[in-house]
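What follows is my_file30.txt (compact mmCIF, C-alpha atoms).
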# COMPACT_ATOMS: atom_id res chain seq x y z
CA MET A 1 30.38 6.59 -81.48
CA TYR A 2 28.31 8.16 -78.76
CA LEU A 3 25.52 5.67 -79.41
CA ILE A 4 27.84 2.73 -79.04
CA PHE A 5 29.17 4.06 -75.76
CA HIS A 6 25.65 4.68 -74.48
CA ASN A 7 24.54 1.15 -75.35
CA ILE A 8 27.57 -0.35 -73.66
CA MET A 9 26.81 1.59 -70.43
CA PHE A 10 23.18 0.56 -70.50
CA LEU A 11 24.07 -3.11 -70.96
CA SER A 12 26.60 -2.90 -68.11
CA LEU A 13 24.06 -1.42 -65.71
CA LEU A 14 21.47 -3.99 -66.72
CA SER A 15 23.94 -6.81 -66.18
CA LEU A 16 24.90 -5.42 -62.75
CA SER A 17 21.23 -5.15 -61.69
CA LEU A 18 20.50 -8.70 -62.75
CA SER A 19 23.54 -9.97 -60.86
CA LEU A 20 22.42 -8.15 -57.70
CA ILE A 21 18.91 -9.58 -57.96
CA SER A 22 20.31 -13.07 -58.35
CA ILE A 23 22.56 -12.59 -55.27
CA ALA A 24 19.71 -11.39 -52.97
CA PRO A 25 18.60 -14.14 -50.50
CA PRO A 26 15.20 -15.69 -51.03
CA PRO A 27 12.43 -14.74 -48.61
CA PRO A 28 12.11 -17.01 -45.54
CA PRO A 29 9.49 -19.70 -45.70
CA PRO A 30 6.29 -19.15 -43.63
CA PRO A 31 6.28 -20.79 -40.18
CA PRO A 32 4.45 -24.08 -39.78
CA PRO A 33 0.80 -23.88 -38.69
CA GLU A 34 1.64 -25.52 -35.36
CA VAL A 35 4.07 -22.70 -34.52
CA VAL A 36 1.52 -20.05 -35.48
CA PHE A 37 -1.14 -21.71 -33.33
CA LEU A 38 1.24 -21.99 -30.35
CA TYR A 39 2.22 -18.32 -30.73
CA HIS A 40 -1.42 -17.22 -30.65
CA GLN A 41 -2.13 -19.43 -27.63
CA ILE A 42 0.78 -17.99 -25.65
CA SER A 43 -0.21 -14.44 -26.59
CA TRP A 44 -3.79 -15.09 -25.47
CA LEU A 45 -2.69 -16.61 -22.15
CA LEU A 46 -0.33 -13.70 -21.45
CA ALA A 47 -3.05 -11.15 -22.22
CA LYS A 48 -5.51 -13.01 -19.97
CA ARG A 49 -3.03 -13.17 -17.09
CA ILE A 50 -2.23 -9.44 -17.45
CA MET A 51 -5.96 -8.64 -17.25
CA GLU A 52 -6.32 -10.86 -14.16
CA LEU A 53 -3.37 -9.19 -12.46
CA ASN A 54 -4.72 -5.74 -13.24
CA PHE A 55 -8.11 -6.68 -11.79
CA LEU A 56 -6.49 -8.25 -8.74
CA SER A 57 -4.31 -5.20 -8.22
CA ARG A 58 -7.35 -2.91 -8.27
CA ALA A 59 -9.27 -5.23 -5.94
CA LEU A 60 -6.36 -5.45 -3.52
CA SER A 61 -5.91 -1.66 -3.53
CA SER A 62 -9.60 -1.22 -2.74
CA PHE A 63 -9.39 -3.82 0.03
CA ILE A 64 -6.38 -2.09 1.60
CA LEU A 65 -8.24 1.23 1.41
CA VAL A 66 -11.24 -0.31 3.20
CA LEU A 67 -8.96 -1.79 5.86
CA THR A 68 -7.33 1.59 6.37
CA ILE A 69 -10.71 3.25 6.80
CA LEU A 70 -11.86 0.54 9.19
CA ALA A 71 -8.65 0.81 11.20
CA SER A 72 -9.08 4.58 11.50
CA PHE A 73 -12.55 4.07 12.97
CA SER A 74 -11.86 0.86 14.89
CA SER A 75 -11.18 2.65 18.17
CA SER A 76 -13.91 4.49 20.04
CA SER A 77 -13.39 8.22 20.52
CA PHE A 78 -15.44 8.22 23.74
CA ILE A 79 -15.60 6.26 26.96
CA SER A 80 -19.27 5.65 27.63
CA ASP A 81 -20.87 6.67 30.93
CA GLY A 82 -22.01 3.05 31.23
CA VAL A 83 -18.43 2.16 32.12
CA PHE A 84 -18.91 3.95 35.47
CA GLU A 85 -22.16 2.23 36.39
CA PRO A 86 -22.10 0.34 39.70
CA GLN A 87 -21.51 -3.34 39.23
CA ASN A 88 -24.81 -4.34 40.86
CA LEU A 89 -26.79 -2.31 38.27
CA ALA A 90 -24.86 -3.88 35.42
CA ILE A 91 -25.49 -7.35 36.83
CA GLY A 92 -29.18 -6.60 37.24
CA ARG A 93 -29.47 -5.43 33.64
CA ASN A 94 -27.62 -8.47 32.32
CA LEU A 95 -29.07 -10.98 34.74
CA LEU A 96 -29.71 -13.59 32.06
CA GLN A 97 -26.39 -12.99 30.31
CA THR A 98 -23.03 -14.47 31.17
CA ARG A 99 -20.31 -11.86 31.09
CA LYS A 100 -17.42 -12.59 28.77
CA ALA A 101 -13.85 -12.50 29.97
CA CYS A 102 -12.08 -9.27 29.16
CA PRO A 103 -9.68 -9.63 26.19
CA VAL A 104 -7.35 -7.06 27.82
CA ASN A 105 -5.08 -8.13 30.65
CA PHE A 106 -5.32 -5.30 33.21
CA GLU A 107 -3.53 -7.20 35.95
CA PHE A 108 0.07 -6.33 35.11
CA MET A 109 -0.37 -2.83 33.71
CA ASN A 110 1.41 0.25 34.98
CA TYR A 111 -1.14 2.32 36.94
CA THR A 112 1.29 5.04 37.94
CA ILE A 113 -0.07 7.19 35.11
CA ILE A 114 -3.13 7.56 37.36
CA THR A 115 -1.76 7.19 40.86
CA SER A 116 1.05 9.72 40.31
CA LEU A 117 -1.40 12.50 39.37
CA CYS A 118 -4.67 11.65 41.07
CA LYS A 119 -3.82 11.90 44.78
CA GLY A 120 -5.83 12.44 47.95
CA PRO A 121 -7.13 13.88 50.03
CA LYS A 122 -8.51 16.40 47.50
CA PHE A 123 -8.35 14.20 44.34
CA PRO A 124 -8.38 17.14 41.87
CA ALA A 125 -10.91 16.44 39.12
CA LYS A 126 -8.80 17.82 36.26
CA GLU A 127 -5.75 15.73 37.09
CA CYS A 128 -7.72 12.61 38.00
CA CYS A 129 -9.92 12.62 34.90
CA GLY A 130 -7.05 13.50 32.58
CA ALA A 131 -4.92 10.67 33.94
CA PHE A 132 -7.86 8.27 33.78
CA LYS A 133 -8.46 9.07 30.10
CA ASP A 134 -4.77 8.72 29.29
CA PHE A 135 -4.85 5.24 30.77
CA ALA A 136 -8.28 4.00 29.63
CA CYS A 137 -8.77 5.50 26.15
CA PRO A 138 -6.63 2.92 24.30
CA TYR A 139 -9.08 0.27 25.54
CA ALA A 140 -12.30 2.25 24.96
CA ASP A 141 -13.78 -0.36 22.61
CA ASP A 142 -13.48 -3.14 25.19
CA LEU A 143 -14.53 -0.94 28.10
CA ASN A 144 -17.66 0.23 26.28
CA ASP A 145 -18.67 -3.37 25.63
CA LEU A 146 -20.75 -4.03 28.75
CA SER A 147 -21.13 -7.70 27.86
CA ASN A 148 -17.60 -8.29 29.21
CA ASP A 149 -16.03 -7.58 32.59
CA CYS A 150 -13.33 -5.16 31.35
CA ALA A 151 -14.65 -2.10 33.21
CA THR A 152 -15.13 -4.00 36.46
CA THR A 153 -11.66 -5.55 36.25
CA MET A 154 -9.97 -2.26 35.39
CA PHE A 155 -11.61 -0.31 38.22
CA SER A 156 -10.80 -3.04 40.70
CA TYR A 157 -7.08 -2.65 39.96
CA ILE A 158 -7.29 1.17 39.81
CA ASN A 159 -8.91 1.28 43.25
CA LEU A 160 -6.50 -1.35 44.56
CA TYR A 161 -3.35 0.56 43.58
CA GLY A 162 -4.70 4.07 44.13
CA LYS A 163 -6.82 3.39 47.23
CA TYR A 164 -9.56 5.59 45.79
CA PRO A 165 -13.03 5.95 47.31
CA PRO A 166 -15.82 4.16 45.44
CA GLY A 167 -17.37 6.18 42.61
CA LEU A 168 -14.57 8.77 42.50
CA PHE A 169 -14.17 8.77 38.72
CA ALA A 170 -17.91 8.38 38.06
CA ASN A 171 -18.64 11.51 40.10
CA GLN A 172 -15.75 13.64 38.85
CA CYS A 173 -15.39 12.63 35.21
CA GLN A 174 -18.46 13.92 33.39
CA GLU A 175 -18.08 15.71 30.07
CA GLY A 176 -20.99 15.17 27.68
CA LYS A 177 -23.84 12.97 26.55
CA GLU A 178 -21.52 10.49 24.85
CA GLY A 179 -19.17 10.24 27.82
CA LEU A 180 -15.50 11.08 28.15
CA GLU A 181 -13.90 12.26 24.93
CA CYS A 182 -10.66 10.50 24.11
CA PRO A 183 -7.74 12.29 22.43
CA ALA A 184 -6.77 11.34 18.88
CA THR A 185 -3.60 9.65 20.14
CA SER A 186 -3.33 8.52 23.70
CA PRO A 187 -0.05 9.17 25.54
CA THR A 188 -0.16 5.76 27.17
CA SER A 189 3.25 4.16 26.67
CA ALA A 190 3.79 1.46 24.09
CA SER A 191 4.97 -0.96 26.76
CA ASP A 192 1.62 -0.68 28.55
CA VAL A 193 -0.29 -1.22 25.34
CA ASN A 194 1.82 -4.23 24.44
CA ALA A 195 1.20 -5.71 27.87
CA ALA A 196 -2.50 -5.97 27.04
CA THR A 197 -4.01 -8.80 25.04
CA THR A 198 -4.85 -7.84 21.46
CA THR A 199 -8.45 -6.70 21.21
CA ALA A 200 -11.02 -8.57 19.16
CA ALA A 201 -11.43 -5.71 16.67
CA SER A 202 -7.77 -5.51 15.75
CA SER A 203 -7.61 -9.31 15.58
CA ARG A 204 -10.36 -9.31 12.97
CA LEU A 205 -8.53 -6.69 10.94
CA TRP A 206 -5.29 -8.67 10.99
CA LEU A 207 -7.13 -11.88 10.01
CA ALA A 208 -8.78 -10.12 7.08
CA ALA A 209 -5.47 -8.67 5.90
CA SER A 210 -3.77 -12.07 6.18
CA ALA A 211 -6.55 -13.74 4.21
CA ALA A 212 -6.26 -11.12 1.46
CA PHE A 213 -2.50 -11.63 1.27
CA LEU A 214 -2.89 -15.43 1.00
CA VAL A 215 -5.43 -15.06 -1.81
CA PHE A 216 -3.10 -12.68 -3.62
CA VAL A 217 -0.15 -15.10 -3.37
CA LYS A 218 -2.28 -18.04 -4.52
CA LEU A 219 -3.46 -16.23 -7.64
CA LEU A 220 0.06 -15.28 -8.74

Would you put the structure from the file into structure tokens?
Amino acid sequence: MYLIFHNIMFLSLLSLSLSLISIAPPPPPPPPPEVVFLYHQISWLLAKRIMELNFLSRALSSFILVLTILASFSSSSFISDGVFEPQNLAIGRNLLQTRKACPVNFEFMNYTIITSLCKGPKFPAKECCGAFKDFACPYADDLNDLSNDCATTMFSYINLYGKYPPGLFANQCQEGKEGLECPATSPTSASDVNAATTTAASSRLWLAASAAFLVFVKLL
């Protein structure tokens, strides 16, 4: 009796297993070769574009770092003694050269930063030289370039508004071999700086940054 019951249970389980196997869905057919080829092509293109973007991102980061370094050193930290040379000596030295127009517009600047502190009849050297550096240091690059007329133009307006004797700043403002040392940040007001024409150095930096941005957009 036990054997009969055991056989019946075994046959029932076997029948149930076979029915479950027959109910299970068949495996999906493999995709067509065209689909497989297209999948691999898309994967390859995506991987290539990711590599290009990674390379471009590293290149752009390096370029921005170089621009930052250049910008930090783009302004001179000294005003050369050559700025104070008499105009006739400068003309004699550059007799065969035509002086370029100054890229900074000194005509409409606010000279009270000098005239309010550097006053006669004593013209105290500390106040006069300090005020002169506060005014002139933002334009040190252009003033040190003796191939233009920036220094001559600036001193003509300084002497016009301050009624200073000739050679006042050349005689009083002497600090070292490199000239007058400029502070890290000049206190000249932003309105005065904006009144000047953008210098050639900063123009080159902006052009380089714009070109890099255009290349980046084009490659996206």

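In terms of minimum interatomic distance to Pro121 of chain A, A:Leu168 ranks closest within A:Leu168, A:Cys182, A:Ala136, A:Leu46, counting all atoms listed in the file.
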
Item to check | Leu117 of chain A surroundings by only C-alpha atoms, 12 Å radius, close-in-sequence under 2 positions cut, as a PyMOL selection string | outcome: chain A and resi 111-115+119-120+122-132+134-135+162

Checklist entry - So how many Å separate atom CA of Cys173 of chain A and atom CA of Phe155 of chain A, to one decimal? => result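 Separation between atom CA of Cys173 of chain A and atom CA of Phe155 of chain A: 13.8 Å.
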
Item to check | Distance of atom CA of Ser80 of chain A from atom CA of Ala170 of chain A, expressed in Å to one decimal place | outcome: 10.9 Å
